[in-house]
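Here's the structure we're looking at; comments come further down.
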Amino acid sequence: MIHRLTDVAYVPVQAKGRSALMDGEVHLVVWADSLMHDDVVIVSGLIVDGGLGPMMLAVPAGAFRRIAELSHTGGRAIYSMGFGMRPRSDSRWLPWLVPAERLAERFGVETGAAA
């Protein structure tokens with residue numbers, strides 16, 4: 001949960017990290033049964049020395065379920081996706097990708113206020 005102090009709102013977040021790139025992309029796999037609420041925001045990105053990589057994903061769970069690829073493993077449904085650190089203009093994830101220094105804006109917090 002993120003507690004936004006500007007309006008005292010609580011924003012549910014599901015954070016996913018990745019410590020290495022695969023084929024130049026951050027790959028994310030999420031168990032389908034862990035996405036119970038559409039208002040949860042999934043946050044994912046590359047974790048590097050000193051913090052976060054240059055590009056982050058911040059997508060509502062409902063949109064994630066609509067756009068990610070659905071498959072099954074061991075009888076359980078999973079969603080998977082991938083995004084690059086320099087996303088192409090035709091990436092279906094582009095609306096939810098943001099430079100790491102602007103991630104707080106995805107939660108309704110101005111960058112200056114986040115500091």
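Lettering and numbering for the structure tokens are positional, with chains as A, B, ... in the shown order, residues counted from 1 in each chain, and ligands counted from 1 in the shown order.
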
Item to complete: Skip Met36 of chain A itself and residues of its chain fewer than 2 positions away, then list as a list in words all residues within 12 Å of it, counting only C-alpha atoms.
Response: Pro12, Val13, Gln14, Val30, Trp31, Ala32, Asp33, Ser34, Asp38, Asp39, Val40, Val41, Ile42, Pro60, Ala61, Gly62, Phe64 and Arg65 of chain A

If you keep N, CA, C and O atoms, can you produce a file of those selected residues as a short mmCIF file (atom, residue, chain, number, x, y, z; two decimals), in the first residue's frame?
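What landed in selection-v9.cif:
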```cif
data_model
loop_
_atom_site.label_atom_id
_atom_site.label_comp_id
_atom_site.auth_asym_id
_atom_site.auth_seq_id
_atom_site.Cartn_x
_atom_site.Cartn_y
_atom_site.Cartn_z
N PRO A 12 -3.39 0.52 -3.42
CA PRO A 12 -2.83 -0.83 -3.35
C PRO A 12 -1.82 -1.06 -4.47
O PRO A 12 -2.05 -0.68 -5.62
N VAL A 13 -0.68 -1.65 -4.14
CA VAL A 13 0.41 -1.86 -5.09
C VAL A 13 0.90 -3.30 -5.00
O VAL A 13 0.98 -3.86 -3.91
N GLN A 14 1.19 -3.89 -6.14
CA GLN A 14 1.86 -5.18 -6.18
C GLN A 14 3.19 -4.94 -6.87
O GLN A 14 3.25 -4.66 -8.06
N VAL A 30 3.22 -13.20 -13.54
CA VAL A 30 2.37 -12.99 -12.37
C VAL A 30 1.32 -14.10 -12.32
O VAL A 30 0.66 -14.37 -13.33
N TRP A 31 1.19 -14.75 -11.17
CA TRP A 31 0.13 -15.74 -11.02
C TRP A 31 -1.22 -15.05 -11.18
O TRP A 31 -1.47 -14.00 -10.56
N ALA A 32 -2.08 -15.61 -12.00
CA ALA A 32 -3.39 -15.00 -12.26
C ALA A 32 -4.21 -14.85 -10.98
O ALA A 32 -4.89 -13.84 -10.80
N ASP A 33 -4.12 -15.82 -10.08
CA ASP A 33 -4.93 -15.73 -8.86
C ASP A 33 -4.40 -14.70 -7.86
O ASP A 33 -5.03 -14.45 -6.84
N SER A 34 -3.26 -14.07 -8.16
CA SER A 34 -2.76 -13.00 -7.28
C SER A 34 -3.31 -11.64 -7.71
O SER A 34 -3.09 -10.65 -7.01
N ASP A 38 -9.02 -5.07 -9.51
CA ASP A 38 -8.63 -4.22 -10.64
C ASP A 38 -7.91 -2.95 -10.22
O ASP A 38 -7.16 -2.38 -11.00
N ASP A 39 -8.13 -2.48 -8.99
CA ASP A 39 -7.53 -1.21 -8.58
C ASP A 39 -6.10 -1.34 -8.07
O ASP A 39 -5.45 -0.35 -7.79
N VAL A 40 -5.59 -2.56 -7.98
CA VAL A 40 -4.19 -2.77 -7.60
C VAL A 40 -3.31 -2.30 -8.76
O VAL A 40 -3.61 -2.56 -9.92
N VAL A 41 -2.24 -1.60 -8.45
CA VAL A 41 -1.29 -1.17 -9.47
C VAL A 41 -0.08 -2.10 -9.40
O VAL A 41 0.51 -2.28 -8.33
N ILE A 42 0.27 -2.70 -10.53
CA ILE A 42 1.44 -3.55 -10.60
C ILE A 42 2.62 -2.68 -11.00
O ILE A 42 2.55 -1.95 -11.99
N PRO A 60 -2.46 -0.68 -13.92
CA PRO A 60 -3.55 -1.25 -13.13
C PRO A 60 -3.74 -2.73 -13.48
O PRO A 60 -3.56 -3.14 -14.63
N ALA A 61 -4.08 -3.54 -12.49
CA ALA A 61 -4.22 -4.98 -12.68
C ALA A 61 -5.21 -5.32 -13.78
O ALA A 61 -4.99 -6.27 -14.56
N GLY A 62 -6.29 -4.58 -13.89
CA GLY A 62 -7.28 -4.85 -14.93
C GLY A 62 -6.69 -4.72 -16.32
O GLY A 62 -6.91 -5.57 -17.19
N PHE A 64 -3.49 -4.89 -17.02
CA PHE A 64 -2.46 -5.92 -17.14
C PHE A 64 -3.08 -7.23 -17.62
O PHE A 64 -2.57 -7.87 -18.54
N ARG A 65 -4.21 -7.61 -17.02
CA ARG A 65 -4.87 -8.86 -17.40
C ARG A 65 -5.34 -8.82 -18.86
O ARG A 65 -5.30 -9.83 -19.56
#
```

Item to complete: Do a neighbour search on Gly82 of chain A at 10 Å with only C-alpha atoms, toss out local chain neighbours closer than 6 positions, and write the hits as a ChimeraX atom specification.
Response: /A:21-29,57,68-69,91,93

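Our summary of the geometry notes that atom CA of Gly51 of chain A is positioned 25.8 Å from atom CA of Ser89 of chain A.
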
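Between atom CA of Val11 of chain A and atom CA of Arg66 of chain A lies a distance of 20.7 Å.
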
Practice prompt. Quick one: everything within 12 Å of Asp49 of chain A, counting only C-alpha atoms, minus sequence neighbours fewer than 3 positions away in the same chain. Send it as an MDAnalysis selection string.
Written response: chainID A and resid 19:20 46 52:54

Filtering to N, CA, C and O atoms, could you give me those residues as a tab-separated table (two decimals), in the first residue's frame?
```tsv
chain	number	residue	atom	x	y	z
A	19	SER	N	16.22	-8.40	-11.44
A	19	SER	CA	17.60	-8.00	-11.24
A	19	SER	C	18.46	-8.16	-12.49
A	19	SER	O	19.62	-7.81	-12.48
A	20	ALA	N	17.90	-8.72	-13.55
A	20	ALA	CA	18.67	-8.90	-14.78
A	20	ALA	C	17.73	-8.79	-15.98
A	20	ALA	O	16.55	-9.11	-15.89
A	46	LEU	N	13.63	-2.94	-13.56
A	46	LEU	CA	14.96	-3.46	-13.33
A	46	LEU	C	15.53	-2.87	-12.04
A	46	LEU	O	15.40	-1.68	-11.78
A	52	LEU	N	16.70	1.89	-8.90
A	52	LEU	CA	15.87	1.38	-9.99
A	52	LEU	C	16.51	1.65	-11.34
A	52	LEU	O	17.22	2.63	-11.51
A	53	GLY	N	16.20	0.79	-12.30
A	53	GLY	CA	16.64	0.99	-13.67
A	53	GLY	C	15.93	2.18	-14.29
A	53	GLY	O	15.08	2.81	-13.66
A	54	PRO	N	16.23	2.50	-15.53
A	54	PRO	CA	15.73	3.73	-16.14
A	54	PRO	C	14.24	3.73	-16.46
A	54	PRO	O	13.63	4.79	-16.51
```
